[in-house]
Amino acid sequence: MSRPAAPADIDDPALFTPGSGADRFFNRELSWLGFNRRVLEEACNPAHPLLERLRFLAISGSNLDEFFMVRVAGLKGQQMQEADRLSVDGLNSSQQLAAIIAEADALVESQRIVWRALRGLLAETGITVLSSRTIDEAVTAEELAWLETHFREQIFPILTPQALDPAHPFPFMPNKGLAVMFDLVREADGEPVRELVMLPAPMPRFVRLPGEAARYVAVESLVKRFSALVFPGYRKVGAAEFRVLRDSDIEIEEEAEDLVRHFANAIKRRRRGRVIRLELESGMPEVLGDVLRGELGGGDAFVTEGGAFLGVGALEAIVDEDRPDLKFPPYSPRFPERIREYGGDCFAAIRAKDIVVHHPYESFDVVLAFLRQAASDPDVVAIKQTLYRAGKQPAVINALIAAAEAGKSVTAVVELKARFDEEQNMLWASALERAGVQVVYGFIDWKTHAKISLVVRREGTEYRTYCHFGTGNYHPITARIYTDLSFFTADPRIGRDAAQMFNYVTGYVEPTDMELLSMSPRNLRATLVELIDAEIALARGGKPATIWAKMNSLVDPAIIEKLYEANNAGVEIDLVVRGICCLKPGVPDMSEHIRVKSVIGRFLEHSRIWAFGNGRVLPNDGAKLFISSADWMPRNFDRRVEYMLPILNPTVHDQVLDQVLVANLIDNEQSWDLQSDGSYVRASPGDRPFNLHRYFMTNPSLSGRGAALAQSDAVPKLSLRRRTARTSG
């Protein structure tokens, strides 16, 4: 069965976007690199504990790897196919790649400088990372003997040296593969020999020396240091490390009849995709560099010198060192008091009033409790669940399996196209099917990105539907570090809409007369445009007109043009965009009423929240407020199944608008303000510092407080007066 038809006007937003070009839009890819530079800047922030700074450096490295494997690979594919597709700022693929590589190389150089600085600071605290050159100087004879024994017993058996000569062609290097190339001379006859030693992916990157002092040696350094054990009878002339990144995007064939088989094969192909980036150790002997460029570069790969340590994402392993004095103070999320007041009965608490849970400040356990109660409750007859990124933690999966084994009707919409989680999702899908869960994979070329649970429960002679809507994933691990909202409701209107949404995904049944939900790719964009148009009409009528929106990325050119139109009508617009932002703020006669900020801190801002003043200055009780699974990107509007849900309950409305959105706007300790030239300027706390993450760690939420809130004198609301002045360049 083919997918339902999408609205005709969303096939190519650029077709109806006037004035596209560099004067109206920032480049998407360069904006992302700017975001990753802000992440790297946190590695230099002295307000963070030292190991947390190292974590930010590692994150910036992992981010950059994925960027090359997906985004740069895609642009390279366009270039190779000589496609003439232009970005919204008017650049072709070759122009974009040239700018990207220049900025990426500068970012790698900055990572190198930051690692050198952090390495020195870590050494002062007793955490050292030894190189092959410093091992002999830094360890005792006994410790060197331990390292040699460890190498012989734990590393050497796993290594497979490979000769490189006309009879032995250059071997295949897997994606993210790390290797050491050696130039050797056979001592018996002086014959030159070239060898390659690949480091197997499952092998830990670091070896920690025994003892209280935290001293680490990278495996590749040990391979260099003990090369005589690997190549007895040879003299080492030169040795150098290199690393490979490959094209890792998966293209969906529209006629793929068996989606599971297609993805199983595609995952295998991804490991063998064309080389996109070749990283060379700084100071590599020229002859070795030439060989690698010829064997792996092929004229298409981007070659960079990555410093003395390749793949900085691997430094995350050192962050695990047991040094609580060098990490953020531990934080234990709260469990909503409302649920406890009902004896842990999630259904009773939700039936009494809508609840919103603010992760990670409030525990993801409430979501698991909701699903587990649904699985064990004899009155629950059906559960429907979307799974986008469930991760490797089985809590959600186990709850669905338990429900199926208890005889309930359980449907799981498993998204196979969740990038880099495809393989894990296939494993979960298989486990669910074995337990009797009806597993559905959704549309072939649309991702099901909406995060929804639907539970149908028999109550007396009727059935009641309970729903959970998340702005994040059903992932217990990321829920500890991502800021997201979980909304629980028993509103029958929302239940009916959610049922239609599931039917759309599982059976391609077109929704009709949806009462509250808007969804992509059907009408989410159109609904958003109508809301912006309403504020434009208010502004033109001389009434207050305000838009606040929080999201991860703002890319969609049609929505950006609509925001420019709202600006010119006099609408005041505040945007909190963590990552990519293609909108240019602060430009006279185009965006002077638009302000954009990015928040980068201890937690990753992930929730999508949109507010419209509705004739009064924000925040106000009559504002139109929405939560969503979607960012403002063409893919979210046009190629994904997403939801947009109005928040109507007064207490939840107050929490999301007056607490969450206001806190994001007034934060001045973790915020960066976007300038009209594309640069970001770190906000200055001045004499009124405010850290939104610290605030929510120390202040309980509203809707989950139950009787505790009723006994308080007033609903605690934040004041916008804390906000510092913001400038436009």
# chains A, B, ... in the order shown; residues from 1 in each chain; ligands from 1

$ select_by_dssp --residues "segment 196-436 of chain A" --states "strand (DSSP E)" --output "PyMOL selection string"
chain A and resi 196-199+206-208+214-218+234-246+275-280+302-305+355-359+380-387+409-414

$ residues_around --residues "Thr527 of chain A" --least-positions-apart "5" --cutoff "12 Å" --atoms "only C-alpha atoms" --output "list in words"
Leu516, Leu517, Ser518, Met519, Ser520, Pro521, Arg522, Ile532, Asp533, Ala534, Ile559, Phe626, Phe637, Tyr643, Met644, Leu645 and Pro646 of chain A

$ residues_around --residues "Val319 of chain A" --least-positions-apart "3" --cutoff "12 Å" --atoms "only C-alpha atoms" --output "MDAnalysis selection string"
chainID A and resid 49:59 122 127 206 214 216 313:316 322:328

$ closest_residue --among "A:Thr506, A:Ser227, A:Thr461, A:Ser679" --to "Phe156 of chain A" --atoms "only C-alpha atoms"
A:Ser227

$ atom_distance --atom1 "atom CA of Val193 of chain A" --atom2 "atom CA of Tyr234 of chain A"
8.7 Å

$ atom_distance --atom1 "atom CA of Val291 of chain A" --atom2 "atom CA of Leu64 of chain A"
25.1 Å

$ closest_atom_pairs --of "segment 579-631 of chain A" --to "segment 692-697 of chain A" --cutoff "12 Å" --atoms "only C-alpha atoms" --output "CSV"
residue,atom,partner,partner_atom,distance
A:Val599,CA,A:Leu692,CA,9.3
A:Ile600,CA,A:His693,CA,10.1
A:Gly601,CA,A:His693,CA,7.7
A:Arg602,CA,A:His693,CA,7.2
A:Phe603,CA,A:His693,CA,7.2
A:Leu604,CA,A:His693,CA,9.9
A:Glu605,CA,A:His693,CA,9.6

$ closest_residue --among "A:Gly678, A:Pro650, A:Gly542, A:Gly436" --to "Ala22 of chain A" --atoms "only C-alpha atoms"
A:Gly678

$ residues_around --residues "segment 462-477 of chain A" --least-positions-apart "2" --cutoff "9 Å" --atoms "only C-alpha atoms" --output "VMD selection string"
chain A and resid 347 350 to 351 364 to 365 367 to 368 370 386 to 396 449 to 460 479 to 492 494 to 496 498 606 to 609 627 to 630 643 645

$ closest_atom_pairs --of "segment 562-665 of chain A" --to "segment 547-551 of chain A" --cutoff "6 Å" --atoms "only C-alpha atoms" --output "CSV"
residue,atom,partner,partner_atom,distance
A:Ile573,CA,A:Ile547,CA,4.8
A:Asp574,CA,A:Trp548,CA,4.9
A:Leu575,CA,A:Ala549,CA,5.0
A:Val576,CA,A:Lys550,CA,4.6
A:Val577,CA,A:Met551,CA,5.2
A:Arg608,CA,A:Met551,CA,4.6
A:Ile609,CA,A:Lys550,CA,5.1
A:Trp610,CA,A:Ala549,CA,4.3
A:Ala611,CA,A:Trp548,CA,5.0
A:Phe612,CA,A:Ile547,CA,4.8
A:Asp631,CA,A:Met551,CA,5.7

$ select_by_dssp --residues "segment 515-663 of chain A" --states "alpha helix (DSSP H)" --output "PDB file with N, CA and C atoms, in the first residue's frame"
ATOM      1  N   LEU A 524       0.596  20.437   9.996  1.00  0.00           N
ATOM      2  CA  LEU A 524       1.314  21.124  11.068  1.00  0.00           C
ATOM      3  C   LEU A 524       1.864  22.458  10.584  1.00  0.00           C
ATOM      4  N   ARG A 525       2.465  22.451   9.401  1.00  0.00           N
ATOM      5  CA  ARG A 525       3.004  23.706   8.871  1.00  0.00           C
ATOM      6  C   ARG A 525       1.878  24.728   8.675  1.00  0.00           C
ATOM      7  N   ALA A 526       0.765  24.295   8.106  1.00  0.00           N
ATOM      8  CA  ALA A 526      -0.342  25.213   7.848  1.00  0.00           C
ATOM      9  C   ALA A 526      -0.896  25.786   9.154  1.00  0.00           C
ATOM     10  N   THR A 527      -0.981  24.951  10.191  1.00  0.00           N
ATOM     11  CA  THR A 527      -1.464  25.427  11.490  1.00  0.00           C
ATOM     12  C   THR A 527      -0.519  26.467  12.065  1.00  0.00           C
ATOM     13  N   LEU A 528       0.777  26.206  11.948  1.00  0.00           N
ATOM     14  CA  LEU A 528       1.771  27.151  12.451  1.00  0.00           C
ATOM     15  C   LEU A 528       1.685  28.481  11.705  1.00  0.00           C
ATOM     16  N   VAL A 529       1.526  28.429  10.400  1.00  0.00           N
ATOM     17  CA  VAL A 529       1.389  29.653   9.604  1.00  0.00           C
ATOM     18  C   VAL A 529       0.145  30.431  10.031  1.00  0.00           C
ATOM     19  N   GLU A 530      -0.959  29.727  10.282  1.00  0.00           N
ATOM     20  CA  GLU A 530      -2.181  30.402  10.730  1.00  0.00           C
ATOM     21  C   GLU A 530      -1.964  31.124  12.060  1.00  0.00           C
ATOM     22  N   LEU A 531      -1.222  30.505  12.958  1.00  0.00           N
ATOM     23  CA  LEU A 531      -0.954  31.131  14.259  1.00  0.00           C
ATOM     24  C   LEU A 531      -0.088  32.379  14.097  1.00  0.00           C
ATOM     25  N   ILE A 532       0.912  32.306  13.222  1.00  0.00           N
ATOM     26  CA  ILE A 532       1.744  33.489  12.970  1.00  0.00           C
ATOM     27  C   ILE A 532       0.916  34.576  12.294  1.00  0.00           C
ATOM     28  N   ASP A 533       0.066  34.179  11.342  1.00  0.00           N
ATOM     29  CA  ASP A 533      -0.801  35.153  10.664  1.00  0.00           C
ATOM     30  C   ASP A 533      -1.729  35.853  11.652  1.00  0.00           C
ATOM     31  N   ALA A 534      -2.187  35.108  12.648  1.00  0.00           N
ATOM     32  CA  ALA A 534      -3.067  35.717  13.651  1.00  0.00           C
ATOM     33  C   ALA A 534      -2.331  36.805  14.425  1.00  0.00           C
ATOM     34  N   GLU A 535      -1.065  36.566  14.753  1.00  0.00           N
ATOM     35  CA  GLU A 535      -0.283  37.592  15.448  1.00  0.00           C
ATOM     36  C   GLU A 535      -0.012  38.776  14.525  1.00  0.00           C
ATOM     37  N   ILE A 536       0.194  38.506  13.234  1.00  0.00           N
ATOM     38  CA  ILE A 536       0.383  39.599  12.274  1.00  0.00           C
ATOM     39  C   ILE A 536      -0.864  40.483  12.226  1.00  0.00           C
ATOM     40  N   ALA A 537      -2.021  39.843  12.192  1.00  0.00           N
ATOM     41  CA  ALA A 537      -3.273  40.606  12.145  1.00  0.00           C
ATOM     42  C   ALA A 537      -3.443  41.446  13.402  1.00  0.00           C
ATOM     43  N   LEU A 538      -3.078  40.901  14.554  1.00  0.00           N
ATOM     44  CA  LEU A 538      -3.174  41.653  15.808  1.00  0.00           C
ATOM     45  C   LEU A 538      -2.254  42.869  15.774  1.00  0.00           C
ATOM     46  N   ALA A 539      -1.026  42.664  15.289  1.00  0.00           N
ATOM     47  CA  ALA A 539      -0.070  43.774  15.226  1.00  0.00           C
ATOM     48  C   ALA A 539      -0.574  44.870  14.295  1.00  0.00           C
ATOM     49  N   ARG A 540      -1.106  44.473  13.152  1.00  0.00           N
ATOM     50  CA  ARG A 540      -1.604  45.467  12.205  1.00  0.00           C
ATOM     51  C   ARG A 540      -2.838  46.178  12.739  1.00  0.00           C
ATOM     52  N   PRO A 557      12.717  27.510   5.146  1.00  0.00           N
ATOM     53  CA  PRO A 557      12.715  28.852   4.551  1.00  0.00           C
ATOM     54  C   PRO A 557      11.331  29.493   4.519  1.00  0.00           C
ATOM     55  N   ALA A 558      10.274  28.699   4.332  1.00  0.00           N
ATOM     56  CA  ALA A 558       8.933  29.280   4.282  1.00  0.00           C
ATOM     57  C   ALA A 558       8.530  29.848   5.636  1.00  0.00           C
ATOM     58  N   ILE A 559       8.840  29.131   6.713  1.00  0.00           N
ATOM     59  CA  ILE A 559       8.517  29.626   8.051  1.00  0.00           C
ATOM     60  C   ILE A 559       9.382  30.838   8.392  1.00  0.00           C
ATOM     61  N   ILE A 560      10.652  30.812   7.985  1.00  0.00           N
ATOM     62  CA  ILE A 560      11.512  31.972   8.242  1.00  0.00           C
ATOM     63  C   ILE A 560      10.960  33.206   7.536  1.00  0.00           C
ATOM     64  N   GLU A 561      10.538  33.041   6.291  1.00  0.00           N
ATOM     65  CA  GLU A 561       9.953  34.178   5.570  1.00  0.00           C
ATOM     66  C   GLU A 561       8.679  34.667   6.270  1.00  0.00           C
ATOM     67  N   LYS A 562       7.909  33.752   6.811  1.00  0.00           N
ATOM     68  CA  LYS A 562       6.698  34.151   7.536  1.00  0.00           C
ATOM     69  C   LYS A 562       7.060  34.919   8.807  1.00  0.00           C
ATOM     70  N   LEU A 563       8.142  34.530   9.467  1.00  0.00           N
ATOM     71  CA  LEU A 563       8.592  35.274  10.647  1.00  0.00           C
ATOM     72  C   LEU A 563       9.092  36.667  10.256  1.00  0.00           C
ATOM     73  N   TYR A 564       9.768  36.766   9.096  1.00  0.00           N
ATOM     74  CA  TYR A 564      10.172  38.088   8.615  1.00  0.00           C
ATOM     75  C   TYR A 564       8.933  38.957   8.349  1.00  0.00           C
ATOM     76  N   GLU A 565       7.905  38.355   7.768  1.00  0.00           N
ATOM     77  CA  GLU A 565       6.660  39.097   7.522  1.00  0.00           C
ATOM     78  C   GLU A 565       6.055  39.572   8.847  1.00  0.00           C
ATOM     79  N   ALA A 566       6.085  38.697   9.860  1.00  0.00           N
ATOM     80  CA  ALA A 566       5.563  39.080  11.171  1.00  0.00           C
ATOM     81  C   ALA A 566       6.390  40.211  11.766  1.00  0.00           C
ATOM     82  N   ASN A 567       7.703  40.133  11.611  1.00  0.00           N
ATOM     83  CA  ASN A 567       8.580  41.206  12.087  1.00  0.00           C
ATOM     84  C   ASN A 567       8.180  42.542  11.474  1.00  0.00           C
ATOM     85  N   ASN A 568       7.977  42.547  10.153  1.00  0.00           N
ATOM     86  CA  ASN A 568       7.655  43.801   9.468  1.00  0.00           C
ATOM     87  C   ASN A 568       6.279  44.338   9.837  1.00  0.00           C
ATOM     88  N   ALA A 569       5.437  43.456  10.382  1.00  0.00           N
ATOM     89  CA  ALA A 569       4.137  43.913  10.865  1.00  0.00           C
ATOM     90  C   ALA A 569       4.219  44.438  12.293  1.00  0.00           C
ATOM     91  N   PRO A 634      12.337  21.652   7.134  1.00  0.00           N
ATOM     92  CA  PRO A 634      11.529  21.022   6.087  1.00  0.00           C
ATOM     93  C   PRO A 634      11.257  19.551   6.346  1.00  0.00           C
ATOM     94  N   ARG A 635      12.240  18.825   6.862  1.00  0.00           N
ATOM     95  CA  ARG A 635      12.033  17.389   7.077  1.00  0.00           C
ATOM     96  C   ARG A 635      10.955  17.138   8.124  1.00  0.00           C
ATOM     97  N   ASN A 636      10.883  17.993   9.156  1.00  0.00           N
ATOM     98  CA  ASN A 636       9.874  17.796  10.199  1.00  0.00           C
ATOM     99  C   ASN A 636       8.471  18.114   9.710  1.00  0.00           C
ATOM    100  N   PHE A 637       8.362  19.072   8.801  1.00  0.00           N
ATOM    101  CA  PHE A 637       7.049  19.433   8.264  1.00  0.00           C
ATOM    102  C   PHE A 637       6.618  18.522   7.117  1.00  0.00           C
ATOM    103  N   ASP A 638       7.597  18.040   6.332  1.00  0.00           N
ATOM    104  CA  ASP A 638       7.271  17.409   5.057  1.00  0.00           C
ATOM    105  C   ASP A 638       7.547  15.915   4.987  1.00  0.00           C
ATOM    106  N   PRO A 650      -4.841  24.952  32.901  1.00  0.00           N
ATOM    107  CA  PRO A 650      -4.230  26.200  33.418  1.00  0.00           C
ATOM    108  C   PRO A 650      -2.913  25.982  34.161  1.00  0.00           C
ATOM    109  N   THR A 651      -2.842  24.952  35.008  1.00  0.00           N
ATOM    110  CA  THR A 651      -1.617  24.738  35.773  1.00  0.00           C
ATOM    111  C   THR A 651      -0.468  24.313  34.865  1.00  0.00           C
ATOM    112  N   VAL A 652      -0.741  23.408  33.934  1.00  0.00           N
ATOM    113  CA  VAL A 652       0.289  22.996  32.984  1.00  0.00           C
ATOM    114  C   VAL A 652       0.701  24.181  32.115  1.00  0.00           C
ATOM    115  N   HIS A 653      -0.284  24.981  31.707  1.00  0.00           N
ATOM    116  CA  HIS A 653      -0.020  26.186  30.916  1.00  0.00           C
ATOM    117  C   HIS A 653       0.934  27.105  31.669  1.00  0.00           C
ATOM    118  N   ASP A 654       0.666  27.318  32.967  1.00  0.00           N
ATOM    119  CA  ASP A 654       1.537  28.179  33.770  1.00  0.00           C
ATOM    120  C   ASP A 654       2.948  27.613  33.858  1.00  0.00           C
ATOM    121  N   VAL A 662       9.994  31.102  30.129  1.00  0.00           N
ATOM    122  CA  VAL A 662      10.581  32.320  30.707  1.00  0.00           C
ATOM    123  C   VAL A 662      12.000  32.051  31.190  1.00  0.00           C
ATOM    124  N   ALA A 663      12.219  30.899  31.835  1.00  0.00           N
ATOM    125  CA  ALA A 663      13.562  30.582  32.324  1.00  0.00           C
ATOM    126  C   ALA A 663      14.562  30.519  31.179  1.00  0.00           C
TER     127      ALA A 663
END

$ atom_distance --atom1 "atom CA of Glu187 of chain A" --atom2 "atom CA of Ala228 of chain A"
11.9 Å

$ residues_around --residues "segment 438-440 of chain A" --least-positions-apart "5" --cutoff "8 Å" --atoms "only C-alpha atoms" --output "list in words"
Val410, Thr411, Ala412, Val413, Val414, Ala429, Leu432, Glu433 and Thr506 of chain A
